[in-house]
$ cat run.cif   # mmCIF, C-alpha atoms
data_data
#
loop_
_atom_site.label_atom_id
_atom_site.label_comp_id
_atom_site.auth_asym_id
_atom_site.auth_seq_id
_atom_site.Cartn_x
_atom_site.Cartn_y
_atom_site.Cartn_z
CA MET X 254 0.00 0.00 0.00
CA GLU X 255 1.57 3.27 -1.13
CA ASN X 256 2.26 5.77 1.71
CA GLU X 257 1.38 3.16 4.34
CA ASP X 258 4.49 4.25 6.22
CA LEU X 259 2.78 7.59 6.91
CA LEU X 260 0.22 5.88 9.12
CA PRO X 261 0.88 5.58 12.86
CA SER X 262 1.51 2.49 14.95
CA LEU X 263 -1.68 0.81 16.15
CA ILE X 264 -0.17 -0.83 19.22
CA GLY X 265 -2.90 -1.27 21.81
CA LYS X 266 -5.71 -0.54 19.33
CA ASN X 267 -8.57 -2.86 18.41
CA VAL X 268 -10.07 -2.86 14.92
CA ALA X 269 -13.16 -4.50 13.39
CA VAL X 270 -13.76 -4.48 9.63
CA THR X 271 -16.72 -5.82 7.68
CA GLY X 272 -16.01 -7.49 4.34
CA THR X 273 -12.37 -8.57 4.45
CA THR X 274 -12.37 -11.61 2.17
CA THR X 275 -10.92 -9.67 -0.78
CA GLY X 276 -10.33 -6.18 -2.10
CA LEU X 277 -10.42 -3.06 0.03
CA GLY X 278 -11.35 -4.72 3.31
CA HIS X 279 -8.60 -7.32 3.00
CA ALA X 280 -6.03 -4.61 2.31
CA LEU X 281 -7.26 -2.56 5.28
CA ALA X 282 -7.09 -5.54 7.63
CA ARG X 283 -3.55 -6.24 6.42
CA CYS X 284 -2.63 -2.63 7.17
CA ALA X 285 -3.98 -2.93 10.72
CA ILE X 286 -1.93 -6.10 11.25
CA VAL X 287 1.27 -4.63 9.81
CA LYS X 288 0.79 -1.60 12.07
CA ASN X 289 0.63 -3.91 15.09
CA ALA X 290 -2.99 -3.51 16.18
CA ALA X 291 -3.72 -5.55 19.30
CA LEU X 292 -6.86 -7.20 17.93
CA VAL X 293 -8.24 -7.36 14.38
CA LEU X 294 -11.75 -8.75 13.93
CA LEU X 295 -12.75 -9.90 10.45
CA LEU X 296 -16.52 -9.69 9.97
CA ASN X 297 -17.58 -11.86 7.06
CA ARG X 298 -20.33 -14.19 5.95
CA LYS X 299 -19.31 -17.77 6.74
CA SER X 300 -17.62 -19.21 3.65
CA GLU X 301 -14.46 -20.81 2.31
CA ARG X 302 -13.37 -17.37 1.11
CA SER X 303 -13.60 -16.09 4.67
CA GLU X 304 -11.44 -18.95 5.93
CA ARG X 305 -8.86 -18.39 3.18
CA SER X 306 -8.79 -14.67 3.93
CA GLU X 307 -7.98 -15.18 7.60
CA LYS X 308 -5.31 -17.75 6.73
CA ASP X 309 -3.74 -15.31 4.25
CA LEU X 310 -3.75 -12.47 6.76
CA HIS X 311 -1.99 -14.64 9.34
CA LYS X 312 1.05 -14.61 7.03
CA TYR X 313 1.69 -11.02 8.04
CA LEU X 314 2.18 -12.13 11.63
CA ASP X 315 5.35 -13.83 10.42
CA ASN X 316 6.57 -10.77 8.56
CA GLY X 317 7.73 -8.47 11.34
CA ASN X 318 4.51 -8.15 13.33
CA GLY X 319 5.32 -8.15 17.02
CA ASP X 320 9.06 -8.72 16.54
CA ASP X 321 9.83 -6.25 19.31
CA ALA X 322 9.84 -8.18 22.59
CA THR X 323 7.57 -5.51 24.10
CA THR X 324 5.03 -5.70 21.28
CA PRO X 325 2.74 -8.74 21.27
CA LYS X 326 1.61 -10.18 17.96
CA THR X 327 -1.75 -9.06 16.64
CA VAL X 328 -4.63 -11.37 17.50
CA ILE X 329 -6.74 -12.07 14.39
CA LYS X 330 -10.23 -13.52 14.69
CA THR X 331 -13.07 -14.09 12.25
CA ILE X 332 -16.63 -13.41 13.35
CA ASP X 333 -19.45 -14.73 11.20
CA CYS X 334 -21.56 -11.78 10.07
CA ASP X 335 -24.04 -12.04 7.21
CA LEU X 336 -25.24 -8.52 6.46
CA MET X 337 -28.26 -9.93 4.62
CA SER X 338 -29.59 -11.21 7.96
CA PHE X 339 -30.39 -8.95 10.90
CA ASP X 340 -30.25 -11.97 13.21
CA SER X 341 -26.72 -12.71 12.05
CA VAL X 342 -25.68 -9.09 12.64
CA LYS X 343 -27.11 -9.19 16.17
CA LYS X 344 -25.18 -12.37 16.98
CA ALA X 345 -22.01 -10.89 15.51
CA ALA X 346 -22.40 -7.74 17.61
CA GLU X 347 -22.73 -9.81 20.77
CA GLN X 348 -19.52 -11.63 19.93
CA ILE X 349 -17.68 -8.41 19.08
CA ASN X 350 -18.65 -6.85 22.39
CA GLN X 351 -17.47 -9.97 24.22
CA GLU X 352 -14.18 -10.20 22.31
CA VAL X 353 -13.15 -6.57 22.86
CA LYS X 354 -14.15 -6.40 26.51
CA SER X 355 -10.82 -7.69 27.81
CA TYR X 356 -8.99 -5.42 25.34
CA GLY X 357 -10.62 -2.23 26.58
CA GLY X 358 -13.22 -1.64 23.88
CA LEU X 359 -13.30 -1.18 20.12
CA ASP X 360 -11.10 1.63 18.76
CA VAL X 361 -12.09 1.40 15.10
CA LEU X 362 -15.25 0.04 13.49
CA CYS X 363 -14.93 0.11 9.70
CA LEU X 364 -18.18 -0.43 7.82
CA ASN X 365 -16.61 -1.57 4.58
CA ALA X 366 -18.58 -4.50 3.16
CA GLY X 367 -20.91 -3.95 0.24
CA ILE X 368 -22.51 -5.36 -2.89
CA MET X 369 -22.96 -3.45 -6.15
CA ALA X 370 -25.63 -3.27 -8.86
CA VAL X 371 -27.29 -6.63 -8.21
CA ASP X 372 -30.77 -7.76 -9.19
CA ASP X 373 -33.90 -6.26 -7.62
CA ASN X 374 -34.18 -8.95 -4.93
CA ARG X 375 -35.10 -8.95 -1.23
CA THR X 376 -33.40 -10.36 1.85
CA GLN X 377 -35.04 -12.77 4.26
CA ASP X 378 -35.93 -9.68 6.31
CA GLY X 379 -37.86 -8.23 3.36
CA PHE X 380 -35.61 -5.33 2.34
CA GLU X 381 -33.84 -4.56 -0.95
CA VAL X 382 -30.61 -6.55 -0.83
CA GLN X 383 -28.23 -3.66 -1.50
CA MET X 384 -29.80 -1.31 1.05
CA GLN X 385 -29.81 -3.94 3.78
CA THR X 386 -26.25 -5.11 3.07
CA ASN X 387 -24.69 -1.72 2.52
CA GLN X 388 -26.56 0.49 5.00
CA LEU X 389 -29.29 -0.99 7.22
CA SER X 390 -27.18 -3.80 8.67
CA HIS X 391 -24.25 -1.47 9.19
CA PHE X 392 -26.52 0.96 11.05
CA LEU X 393 -27.73 -1.94 13.21
CA LEU X 394 -24.18 -3.17 13.85
CA THR X 395 -23.03 0.32 14.81
CA SER X 396 -25.89 0.78 17.28
CA LEU X 397 -25.15 -2.58 18.94
CA VAL X 398 -21.38 -2.21 19.32
CA TYR X 399 -21.54 1.51 20.14
CA PRO X 400 -21.00 0.85 23.89
CA SER X 401 -17.70 -0.89 23.06
CA VAL X 402 -16.63 2.01 20.82
CA LYS X 403 -17.53 4.43 23.61
CA ASP X 404 -15.52 2.34 26.08
CA ALA X 405 -12.39 2.60 23.92
CA ALA X 406 -12.86 6.35 23.46
CA GLU X 407 -13.11 6.86 27.20
CA LYS X 408 -10.04 4.75 27.92
CA ARG X 409 -7.74 5.96 25.12
CA GLY X 410 -9.03 9.43 24.23
CA GLU X 411 -10.74 8.68 20.92
CA ALA X 412 -12.38 5.99 18.79
CA ARG X 413 -13.68 5.93 15.23
CA ILE X 414 -16.64 4.72 13.20
CA VAL X 415 -15.74 4.75 9.51
CA SER X 416 -18.18 4.25 6.63
CA GLN X 417 -17.00 3.17 3.18
CA SER X 418 -19.05 4.93 0.50
CA SER X 419 -18.41 5.25 -3.24
CA SER X 420 -18.33 7.83 -6.01
CA ALA X 421 -21.68 6.23 -6.92
CA ARG X 422 -23.22 8.38 -4.16
CA GLU X 423 -23.31 11.07 -6.84
CA LEU X 424 -25.48 8.92 -9.13
CA THR X 425 -28.56 10.07 -7.25
CA SER X 426 -29.38 13.60 -6.12
CA ALA X 427 -31.21 12.71 -2.91
CA LEU X 428 -32.19 9.79 -0.71
CA GLU X 429 -35.73 8.46 -1.04
CA GLU X 430 -37.50 6.72 1.85
CA THR X 431 -38.99 4.02 -0.36
CA TYR X 432 -35.57 2.38 -0.76
CA PHE X 433 -35.43 1.85 3.03
CA GLU X 434 -38.84 0.15 3.21
CA LYS X 435 -39.99 -3.42 2.77
CA CYS X 436 -41.44 -4.06 -0.66
CA ASP X 437 -41.94 -6.78 -3.25
CA GLU X 438 -39.12 -7.93 -5.50
CA GLY X 439 -38.81 -6.10 -8.80
CA THR X 440 -40.61 -2.96 -7.60
CA LEU X 441 -37.56 -0.69 -7.21
CA GLY X 442 -36.63 -0.28 -10.85
CA GLY X 443 -36.18 -3.91 -11.83
CA ASN X 444 -33.14 -5.18 -13.70
CA ASP X 445 -33.55 -4.27 -17.34
CA THR X 446 -33.04 -0.52 -17.46
CA TRP X 447 -30.07 0.49 -19.63
CA MET X 448 -27.04 1.46 -17.53
CA LEU X 449 -26.59 4.85 -19.22
CA THR X 450 -30.29 5.68 -18.73
CA GLN X 451 -29.90 5.07 -15.03
CA MET X 452 -26.66 7.02 -14.67
CA VAL X 453 -27.65 10.04 -16.76
CA LEU X 454 -31.43 10.22 -16.43
CA GLY X 455 -31.81 8.65 -13.00
CA LYS X 456 -34.24 5.98 -14.17
CA GLY X 457 -34.75 3.15 -11.70
CA GLY X 458 -32.49 0.11 -11.84
CA PRO X 459 -29.53 -1.66 -10.22
CA TRP X 460 -27.24 1.38 -10.40
CA VAL X 461 -29.77 3.80 -8.94
CA ARG X 462 -30.39 1.37 -6.08
CA TYR X 463 -26.64 1.11 -5.53
CA GLY X 464 -26.28 4.90 -5.62
CA GLN X 465 -29.00 5.20 -2.98
CA THR X 466 -27.08 2.89 -0.64
CA LYS X 467 -23.77 4.66 -1.15
CA LEU X 468 -25.37 8.06 -0.59
CA ALA X 469 -26.96 6.60 2.53
CA ASN X 470 -23.46 5.67 3.74
CA SER X 471 -22.05 9.17 3.34
CA VAL X 472 -25.16 10.88 4.73
CA PHE X 473 -25.13 8.53 7.73
CA THR X 474 -21.49 9.46 8.35
CA MET X 475 -22.38 13.14 8.65
CA ALA X 476 -25.57 12.50 10.63
CA LEU X 477 -23.57 10.50 13.17
CA HIS X 478 -20.87 13.18 13.20
CA HIS X 479 -23.36 15.87 14.19
CA LYS X 480 -24.98 13.71 16.86
CA LEU X 481 -21.58 12.92 18.36
CA ALA X 482 -20.67 16.63 18.34
CA GLU X 483 -23.92 17.53 20.11
CA SER X 484 -23.12 15.05 22.87
CA ASN X 485 -19.48 16.27 23.16
CA SER X 486 -18.25 12.78 22.33
CA ASN X 487 -14.64 11.98 21.52
CA ILE X 488 -15.79 9.36 19.02
CA LYS X 489 -15.16 10.33 15.40
CA SER X 490 -17.49 9.56 12.49
CA ILE X 491 -15.50 9.59 9.25
CA GLY X 492 -16.34 8.64 5.66
CA CYS X 493 -14.32 7.55 2.65
CA GLU X 494 -14.51 6.18 -0.87
CA PRO X 495 -11.86 4.34 -2.91
CA GLY X 496 -12.23 5.90 -6.36
CA TYR X 497 -12.03 3.28 -9.09
CA SER X 498 -10.18 0.45 -7.41
CA VAL X 499 -9.99 -2.90 -9.13
CA THR X 500 -11.76 -5.41 -6.86
CA PRO X 501 -14.16 -8.37 -7.20
CA LEU X 502 -16.99 -5.88 -6.59
CA GLN X 503 -16.96 -5.22 -10.36
CA SER X 504 -17.94 -8.81 -11.14
CA THR X 505 -21.67 -7.98 -11.17
CA PRO X 506 -23.27 -8.78 -14.56
CA HIS X 507 -24.83 -5.30 -14.57
CA PHE X 508 -21.27 -3.99 -14.83
CA THR X 509 -19.37 -6.55 -16.90
CA GLY X 510 -22.32 -7.28 -19.19
CA SER X 511 -22.53 -3.75 -20.57
CA TRP X 512 -20.73 -2.29 -23.57
CA ILE X 513 -20.43 0.86 -21.47
CA PHE X 514 -18.28 -1.17 -19.10
CA MET X 515 -15.85 -1.90 -21.92
CA LEU X 516 -15.64 1.78 -22.77
CA PHE X 517 -15.40 2.68 -19.09
CA GLU X 518 -12.52 0.25 -18.63
CA LYS X 519 -10.53 1.83 -21.46
CA MET X 520 -11.14 5.48 -20.56
CA ILE X 521 -11.17 5.67 -16.76
CA PRO X 522 -7.96 5.56 -14.70
CA LYS X 523 -7.80 2.71 -12.21
CA GLN X 524 -5.80 1.84 -9.14
CA SER X 525 -5.18 -1.29 -7.10
CA ALA X 526 -7.36 -2.32 -4.18
CA SER X 527 -4.37 -1.73 -1.93
CA ASP X 528 -3.97 1.88 -3.08
CA GLY X 529 -7.72 2.46 -3.05
CA SER X 530 -7.88 1.27 0.54
CA LEU X 531 -5.55 4.08 1.63
CA ASN X 532 -8.59 6.37 1.83
CA ALA X 533 -10.18 4.04 4.38
CA ALA X 534 -6.83 3.61 6.14
CA SER X 535 -6.54 7.39 6.46
CA ALA X 536 -10.07 7.59 7.86
CA CYS X 537 -9.44 4.73 10.27
CA PHE X 538 -5.91 5.48 11.43
CA SER X 539 -4.52 8.89 10.37
CA PRO X 540 -3.84 11.32 13.23
CA ASP X 541 -5.02 14.13 10.91
CA ALA X 542 -8.53 12.68 10.54
CA LYS X 543 -11.30 14.58 12.30
CA SER X 544 -14.92 13.73 12.83
CA GLY X 545 -16.99 14.81 9.85
CA ASP X 546 -14.16 14.29 7.37
CA PHE X 547 -14.65 12.37 4.13
CA TYR X 548 -11.63 11.03 2.21
CA ALA X 549 -11.56 10.47 -1.55
CA PRO X 550 -8.80 10.15 -4.17
CA GLU X 551 -7.19 13.43 -5.22
CA LYS X 552 -7.83 12.79 -8.93
CA SER X 553 -11.38 11.56 -8.36
CA MET X 554 -10.73 7.95 -9.42
CA THR X 555 -7.08 7.63 -8.39
CA GLY X 556 -4.48 9.41 -6.31
CA LYS X 557 -3.61 10.11 -2.71
CA PRO X 558 -6.41 10.68 -0.19
CA ILE X 559 -7.77 14.20 0.25
CA LYS X 560 -10.67 15.53 2.29
CA VAL X 561 -13.64 16.39 0.08
CA VAL X 562 -15.63 17.06 3.25
CA ALA X 563 -13.85 18.45 6.31
CA ALA X 564 -15.50 18.56 9.73
CA GLY X 565 -18.89 18.27 8.03
CA GLU X 566 -18.28 21.05 5.48
CA ARG X 567 -18.05 20.50 1.72
CA GLN X 568 -14.66 21.32 0.21
CA LYS X 569 -15.51 20.83 -3.49
CA THR X 570 -18.25 23.29 -4.45
CA GLY X 571 -19.18 25.36 -7.47
CA TRP X 572 -20.45 24.34 -10.90
CA ILE X 573 -17.67 21.92 -11.90
CA GLY X 574 -16.42 19.03 -9.80
CA ALA X 575 -18.67 19.76 -6.84
CA THR X 576 -19.55 16.85 -4.58
CA ASP X 577 -21.54 15.94 -1.49
CA LYS X 578 -24.36 18.47 -1.49
CA ALA X 579 -26.78 15.77 -0.33
CA THR X 580 -24.18 14.27 2.01
CA CYS X 581 -24.01 17.52 3.97
CA ASP X 582 -27.75 18.32 3.84
CA PRO X 583 -29.29 18.30 7.36
CA GLN X 584 -32.65 17.14 5.99
CA GLN X 585 -31.02 14.19 4.27
CA GLN X 586 -29.21 13.36 7.51
CA LYS X 587 -32.49 13.42 9.41
CA LEU X 588 -34.07 11.19 6.75
CA VAL X 589 -31.36 8.50 6.81
CA TRP X 590 -31.36 8.26 10.59
CA GLU X 591 -35.12 8.05 10.93
CA ALA X 592 -35.51 5.70 7.95
CA CYS X 593 -32.92 3.29 9.39
CA GLU X 594 -34.49 3.36 12.84
CA LYS X 595 -37.95 2.75 11.37
CA ALA X 596 -36.77 -0.13 9.17
CA LEU X 597 -34.98 -1.81 12.05
CA GLY X 598 -37.57 -1.01 14.73
CA ILE X 599 -34.93 0.46 17.03
CA GLU X 600 -33.89 3.78 18.53
CA PHE X 601 -30.18 4.55 18.26
CA VAL X 602 -29.35 7.15 20.89
CA VAL X 603 -25.85 8.63 20.78
#
$ encode --input "run.cif" --output "structure tokens"
Amino acid sequence: MENEDLLPSLIGKNVAVTGTTTGLGHALARCAIVKNAALVLLLNRKSERSERSEKDLHKYLDNGNGDDATTPKTVIKTIDCDLMSFDSVKKAAEQINQEVKSYGGLDVLCLNAGIMAVDDNRTQDGFEVQMQTNQLSHFLLTSLVYPSVKDAAEKRGEARIVSQSSSARELTSALEETYFEKCDEGTLGGNDTWMLTQMVLGKGGPWVRYGQTKLANSVFTMALHHKLAESNSNIKSIGCEPGYSVTPLQSTPHFTGSWIFMLFEKMIPKQSASDGSLNAASACFSPDAKSGDFYAPEKSMTGKPIKVVAAGERQKTGWIGATDKATCDPQQQKLVWEACEKALGIEFVV
């Protein structure tokens, strides 16, 4: 990972990351291990990929981790967490809280896992699969492990909740409550709308649904930031996006099955998952990160991390290249919080 040496030591810190089997999450978990975190929790759906991922990450324990006699080796544990099942998320949260108790709480919760542009299907809980996986389950997980995050912040001066969004948050101008509600399959745009029609005209379809979830991630980040500020908390809520990083996320047929994809591949700059994960690593670990920040690549799709939102305020405004108007909109922040609470039947008090 380029510029990884700029990140601080994580000795004594405990980190949990959703979605570490491949891509961005795997690279972020590796970074936490290399930086000597005390405990790294890998939150994945039970699978052979999950087992292989943990085995691969253990290799970094034999590559300098904990070589100093005063620095113990990082403890790596996998916790089964299927974001398409609220029951699974609840069980995972219980295990997380138990695991981190003896370590003094959870210093970093990174909400990284996601699916992209899949068919208009529903989970066993009745919600659109992308919204539940990418936002609703992460909201639930955050609410349930919040006491452990608060414990770490009280003991060590700060803790962080980091949400991984995407440039796709700009595919839609505003969140709509209907995407957070239970509904029948095929009723949120279906699967057949042309990709360009969705991206340019905002017609319903897999990409609009994905854009809704990624906007929900960034709006949630800022909503949580403001709630934490109001309560004078030393917990930080920080967002990020990886630009165009080459990961298995692009394997969706609604991406690879389009001629636009072929054109996109030729024209748009790309970077590795490792380099793309530096935005999340900055959000999770950089001493310069403040609550309400949002990291994105300097050149939009590639480049070093920069803050496109700083302390809740947009940095890229104007007519050209502006981002995150909806992300920083108080009404959108109110909507995402209330819509998540209503969908889950909970009250998340910060």
$ resolve_selection --input "run.cif" --expression "the PyMOL selection byres ((chain X and resi 329) around 12)" --output "PyMOL selection string"
chain X and resi 267-270+273+282-283+285-287+289-296+304+306-314+318+326-328+330-332+352-353
$ resolve_selection --input "run.cif" --expression "the PyMOL selection byres ((chain X and resi 341) around 12)" --output "PyMOL selection string"
chain X and resi 296-299+332-340+342-348+377-378+386+390-391+393-394
$ resolve_selection --input "run.cif" --expression "the PyMOL selection byres ((chain X and resi 419) around 10)" --output "compact mmCIF listing (two decimals) with C-alpha atoms, in the coordinates of the input"
# COMPACT_ATOMS: atom_id res chain seq x y z
CA SER X 416 -18.18 4.25 6.63
CA GLN X 417 -17.00 3.17 3.18
CA SER X 418 -19.05 4.93 0.50
CA SER X 420 -18.33 7.83 -6.01
CA ALA X 421 -21.68 6.23 -6.92
CA ARG X 422 -23.22 8.38 -4.16
CA GLU X 423 -23.31 11.07 -6.84
CA LEU X 424 -25.48 8.92 -9.13
CA TYR X 463 -26.64 1.11 -5.53
CA GLY X 464 -26.28 4.90 -5.62
CA THR X 466 -27.08 2.89 -0.64
CA LYS X 467 -23.77 4.66 -1.15
CA LEU X 468 -25.37 8.06 -0.59
CA ASN X 470 -23.46 5.67 3.74
CA SER X 471 -22.05 9.17 3.34
CA GLY X 492 -16.34 8.64 5.66
CA CYS X 493 -14.32 7.55 2.65
CA GLU X 494 -14.51 6.18 -0.87
CA PRO X 495 -11.86 4.34 -2.91
CA GLY X 496 -12.23 5.90 -6.36
CA TYR X 497 -12.03 3.28 -9.09
CA ALA X 549 -11.56 10.47 -1.55
$ closest_residue --input "run.cif" --among "X:Val398, X:Leu263, X:Leu441, X:Leu359" --to "X:Gln383" --atoms "all atoms listed in the file"
X:Leu441
$ atom_distance --input "run.cif" --atom1 "atom CA of X:Ala579" --atom2 "atom CA of X:Ser426"
6.7 Å
$ residues_near_point --input "run.cif" --point "(-7.0, 14.5, 0.5)" --cutoff "12 Å" --atoms "only C-alpha atoms" --output "PyMOL selection string"
chain X and resi 493-495+531-533+535-536+539+541-542+546-553+555-563+568-569
$ axis_aligned_box --input "run.cif" --around "stretch 403-407 of chain X" --padding-each-side "4 Å" --output "lines of an AutoDock Vina configuration file"
center_x = -15.0
center_y = 4.6
center_z = 25.3
size_x = 13.1
size_y = 12.5
size_z = 11.7
$ residues_around --input "run.cif" --residues "stretch 406-410 of chain X" --least-positions-apart "2" --cutoff "10 Å" --atoms "all atoms listed in the file" --output "NGL selection string"
:X and (265-266 or 357-361 or 400-404 or 412-413 or 486-489)
$ atom_distance --input "run.cif" --atom1 "atom CA of X:Phe433" --atom2 "atom CA of X:Gln586"
13.8 Å
$ closest_residue --input "run.cif" --among "X:Ile349, X:Glu434, X:Ser396, X:Ser262" --to "X:Lys595" --atoms "all atoms listed in the file"
X:Glu434
$ residues_around --input "run.cif" --residues "X:Phe392" --least-positions-apart "2" --cutoff "9 Å" --atoms "only C-alpha atoms" --output "mmCIF file with C-alpha atoms, keeping the file's coordinate frame"
data_model
loop_
_atom_site.group_PDB
_atom_site.id
_atom_site.type_symbol
_atom_site.label_atom_id
_atom_site.label_comp_id
_atom_site.auth_asym_id
_atom_site.auth_seq_id
_atom_site.Cartn_x
_atom_site.Cartn_y
_atom_site.Cartn_z
ATOM 1 C CA GLN X 388 -26.560 0.490 5.000
ATOM 2 C CA LEU X 389 -29.290 -0.990 7.220
ATOM 3 C CA SER X 390 -27.180 -3.800 8.670
ATOM 4 C CA LEU X 394 -24.180 -3.170 13.850
ATOM 5 C CA THR X 395 -23.030 0.320 14.810
ATOM 6 C CA SER X 396 -25.890 0.780 17.280
ATOM 7 C CA LEU X 397 -25.150 -2.580 18.940
ATOM 8 C CA PHE X 473 -25.130 8.530 7.730
ATOM 9 C CA TRP X 590 -31.360 8.260 10.590
ATOM 10 C CA CYS X 593 -32.920 3.290 9.390
ATOM 11 C CA GLU X 594 -34.490 3.360 12.840
ATOM 12 C CA LEU X 597 -34.980 -1.810 12.050
ATOM 13 C CA PHE X 601 -30.180 4.550 18.260
#
